[in-house]
Amino acid sequence: MAKRKKNEEAEIEANLLPVMNIMFLLIPALLMAMEFASMAAINVSPPKFSAAPSEAPPEEKKDEQKPLDLKVFIMEDGYRVEASGQQEGAEAGKAADSSKPTIGLAKAGAPLDDFERYDYDALEAKAKEYKKLFPNDVTVKISAEANVPMQSLITTMDALAGRTCKIGKFMKGTEDIPADCYFWQPIIEGGAG
Amino acid sequence: MTPEQQTQAAHDAFLKKKKEKAAARRQKPEEKAELGMTSLMDIVSILVIYLLKSYASDPVVINPTAGQKIPLSVADASIRDGMPVFVTVRGITFMDKKLVTMTADGDVDPAMVQNHLIGPLFDSFSEEADKAKQMTENRGTEWEGRLIIVGDQLLKFSTLVDVLYTAGRAEFKEFTFCVIKKGG
C-alpha cells in the first residue's frame with residue numbers, strides 16, 4: 001500500500017529546454033521588429049506654386065457665399081492668416097496688404113530652433129473661430145518662409161487641426177470625424193522664397 | 001621528538017586524512033546538478049510578452065538615419081504603405097542610397113537643384129516609381145504613388161518644398177509626413 005502511494009507521488013518534470021530554445025530565438029526576432037517610438041502620419045497635399053496670378057472665380061459663383069479659403073503663412077516673426085482672400089487685421093478690401101503678422105510670436109526674440117516661439121494657442125483659437133463659421137471646410141493652405149523648421153510647420157498643422165483632434169479612427173473608416181477637428185487637411189504651398 | 005619531527009608527523013596525518021576523505025568521496029554516487037529553469041522561464045516569458053506588445057504593426061518600418069530627429073506631433077493616423085524618403089539636415093536618403101548632400105546651412109547643394117527640382121533625387125524617384133507602377137500593373141491594381149517623408153525637426157521649409165515638388169514631378173501623388181506621436 002505504502003509503495004503504491006509512493007509511486008503515485010513521483011513527480012514528472014516537464015522538459016523546458018525546447019521551449020526555452022524557441023523563446024531565446026523569439027527575443028532577437030521581436031527586438032528587431034520592436035517599435036521604440038510610435039509613429040503617426042500627417043497626410044498633406046503637394047505644393048502649389050503661387051507664382052502665376054490666380055484665376056478669376058467663375059461667374060455663377062459670384063452670388064454665393066465666398067469660400068473660406070483659409071491660408072496660413074508662417075513667417076519668422078509670426079503667422080499671417082488670410083481667409084476669403086482677405087488678410088486678418090488688414091484694411092477691408094485690401095487683400096494681403098500688410099507685411100505684419102496677424103498673430104505675433106509667443107516668445108519674441110527666440111531663435112528659429114526654439115519650436116515654442118510661435119503662439120500655437122492663438123492660432124488654434126483662430127482656427128476654432130473659422131470652423132464655427134465654416135463647419136464643412138477642412139482644408140487649409142500652409143506656406144512658410146524658407147528657414148522655418150519642419151517641427152514648427154508640424155506643430156502649426158496640429159494647432160490648425162486642433163490639438164485634441166484624433167482622426168486615426170476616421171481615417172480607418174470606423175468613426176465619423178470628431179467635432180474637435182478643425183482644418184485637418186493641409187495643403188503645402190511653395191513659392192514663398 | 002624534535003620540533004621538525006612533530007611538524008612532519010602532523011603533515012603526514014593531514015595527508016592521510018585527506019586521502020581517506022577523497023576515497024570516501026569517490027565511493028559515493030555522483031549527484032547530478034540541475035539548473036532551476038522555472039525562474040528563468042518566468043523572466044523570458046515576461047520579456048517575450050512585452051516584446052510582442054511593442055511589436056510594430058505598421059506596414060512600413062521606419063528606421064531613422066543616424067542623428068535624425070523626427071518631428072513630434074499629436075496626430076494619430078497610422079502610416080499607410082508607401083516609399084520612405086529620409087530628409088535630414090545632412091542629406092537625402094532614398095532606397096538606402098544617400099543621393100543628396102546638404103550644405104553647412106542645411107540647404108540642398110545648389111548645383112543639384114534647378115527650379116525646385118533636385119536632379120539626382122528626381123532620377124531615383126522616377127526609376128522607383130516606374131518599377132512600382134509595373135509591379136502594380138502586373139498585379140492588376142492601381143499604383144497609389146504614396147511617398148512617406150521622414151523629415152527632421154530642423155529641416156528647412158524650402159528644402160521640404162523642393163523634395164515635395166521633385167516627388168510630384170516623378171508622379172508621386174500622395175504625400176505623408178512621418179511624425180512621432182507625442183506621449184506615444
# chains A, B, ... in the order shown; residues from 1 in each chain; ligands from 1
$ interface_residues --of "chain B" --to "chain A" --cutoff "7 Å" --atoms "only C-alpha atoms" --output "VMD selection string"
chain B and resid 41 44 48 51 to 52 54 to 56 71 73 to 79 152 to 158 161 164 to 165 168 174 to 181 184
$ write_last_selection --atoms "C-alpha atoms" --output "PDB file, in the first residue's frame"
ATOM      1  CA  MET B  41      11.299  30.659 -17.804  1.00  0.00           C
ATOM      2  CA  VAL B  44      11.848  35.018 -20.531  1.00  0.00           C
ATOM      3  CA  VAL B  48       8.510  37.827 -24.835  1.00  0.00           C
ATOM      4  CA  LEU B  51       8.166  42.496 -26.902  1.00  0.00           C
ATOM      5  CA  LEU B  52       5.063  41.085 -28.564  1.00  0.00           C
ATOM      6  CA  SER B  54       5.504  46.569 -28.673  1.00  0.00           C
ATOM      7  CA  TYR B  55       5.701  44.728 -31.993  1.00  0.00           C
ATOM      8  CA  ALA B  56       5.486  47.227 -34.843  1.00  0.00           C
ATOM      9  CA  PRO B  71       9.255  65.847 -35.611  1.00  0.00           C
ATOM     10  CA  SER B  73       3.038  65.650 -33.302  1.00  0.00           C
ATOM     11  CA  VAL B  74      -0.332  64.957 -31.706  1.00  0.00           C
ATOM     12  CA  ALA B  75      -1.520  63.284 -34.931  1.00  0.00           C
ATOM     13  CA  ASP B  76      -2.693  59.706 -34.518  1.00  0.00           C
ATOM     14  CA  ALA B  77      -3.364  58.478 -38.055  1.00  0.00           C
ATOM     15  CA  SER B  78      -1.386  55.328 -38.828  1.00  0.00           C
ATOM     16  CA  ILE B  79       1.185  55.196 -41.598  1.00  0.00           C
ATOM     17  CA  ASP B 152      13.981  66.256 -39.367  1.00  0.00           C
ATOM     18  CA  GLN B 153      12.866  68.747 -36.744  1.00  0.00           C
ATOM     19  CA  LEU B 154      15.352  71.307 -38.089  1.00  0.00           C
ATOM     20  CA  LEU B 155      14.705  70.681 -41.777  1.00  0.00           C
ATOM     21  CA  LYS B 156      14.119  73.947 -43.624  1.00  0.00           C
ATOM     22  CA  PHE B 157      10.758  74.571 -45.282  1.00  0.00           C
ATOM     23  CA  SER B 158      12.482  75.441 -48.566  1.00  0.00           C
ATOM     24  CA  VAL B 161       9.123  72.087 -50.665  1.00  0.00           C
ATOM     25  CA  LEU B 164       7.730  67.572 -52.468  1.00  0.00           C
ATOM     26  CA  TYR B 165       7.988  69.302 -55.839  1.00  0.00           C
ATOM     27  CA  GLY B 168       5.339  65.444 -57.646  1.00  0.00           C
ATOM     28  CA  GLU B 174       0.130  61.259 -52.141  1.00  0.00           C
ATOM     29  CA  PHE B 175       2.428  62.645 -49.504  1.00  0.00           C
ATOM     30  CA  THR B 176       2.660  61.715 -45.867  1.00  0.00           C
ATOM     31  CA  PHE B 177       4.793  63.309 -43.181  1.00  0.00           C
ATOM     32  CA  CYS B 178       6.109  60.744 -40.732  1.00  0.00           C
ATOM     33  CA  VAL B 179       5.945  62.041 -37.159  1.00  0.00           C
ATOM     34  CA  ILE B 180       6.454  60.639 -33.683  1.00  0.00           C
ATOM     35  CA  LYS B 181       3.322  60.561 -31.580  1.00  0.00           C
ATOM     36  CA  GLY B 184       3.119  57.696 -27.502  1.00  0.00           C
TER      37      GLY B 184
END
$ residues_around --residues "B:Val113" --least-positions-apart "5" --cutoff "12 Å" --atoms "only C-alpha atoms" --output "list of chain:residue names"
B:Val100, B:Thr101, B:Met102, B:Asp107, B:Val108, B:Ile118, B:Gly119, B:Pro120, B:Leu121, B:Phe122, B:Ser158, B:Thr159, B:Val161, B:Asp162, B:Val163, B:Tyr165, B:Thr166
$ write_last_selection --atoms "C-alpha atoms" --output "PDB file, in the first residue's frame"
ATOM      1  CA  VAL B 100      21.954  64.356 -51.942  1.00  0.00           C
ATOM      2  CA  THR B 101      24.289  66.057 -49.505  1.00  0.00           C
ATOM      3  CA  MET B 102      23.410  69.318 -47.860  1.00  0.00           C
ATOM      4  CA  ASP B 107      20.246  73.629 -47.862  1.00  0.00           C
ATOM      5  CA  VAL B 108      20.445  71.295 -50.842  1.00  0.00           C
ATOM      6  CA  ILE B 118      16.536  68.094 -57.206  1.00  0.00           C
ATOM      7  CA  GLY B 119      18.228  66.227 -60.095  1.00  0.00           C
ATOM      8  CA  PRO B 120      19.610  63.025 -58.516  1.00  0.00           C
ATOM      9  CA  LEU B 121      16.509  62.634 -56.378  1.00  0.00           C
ATOM     10  CA  PHE B 122      14.215  63.027 -59.384  1.00  0.00           C
ATOM     11  CA  SER B 158      12.482  75.441 -48.566  1.00  0.00           C
ATOM     12  CA  THR B 159      14.168  72.010 -48.693  1.00  0.00           C
ATOM     13  CA  VAL B 161       9.123  72.087 -50.665  1.00  0.00           C
ATOM     14  CA  ASP B 162      11.873  71.109 -53.112  1.00  0.00           C
ATOM     15  CA  VAL B 163      11.539  67.442 -52.127  1.00  0.00           C
ATOM     16  CA  TYR B 165       7.988  69.302 -55.839  1.00  0.00           C
ATOM     17  CA  THR B 166      10.557  66.763 -57.116  1.00  0.00           C
TER      18      THR B 166
END
$ closest_residue --among "B:Val60, B:Ile46, B:Met112, B:Ile149" --to "B:Val85" --atoms "only C-alpha atoms"
B:Ile149
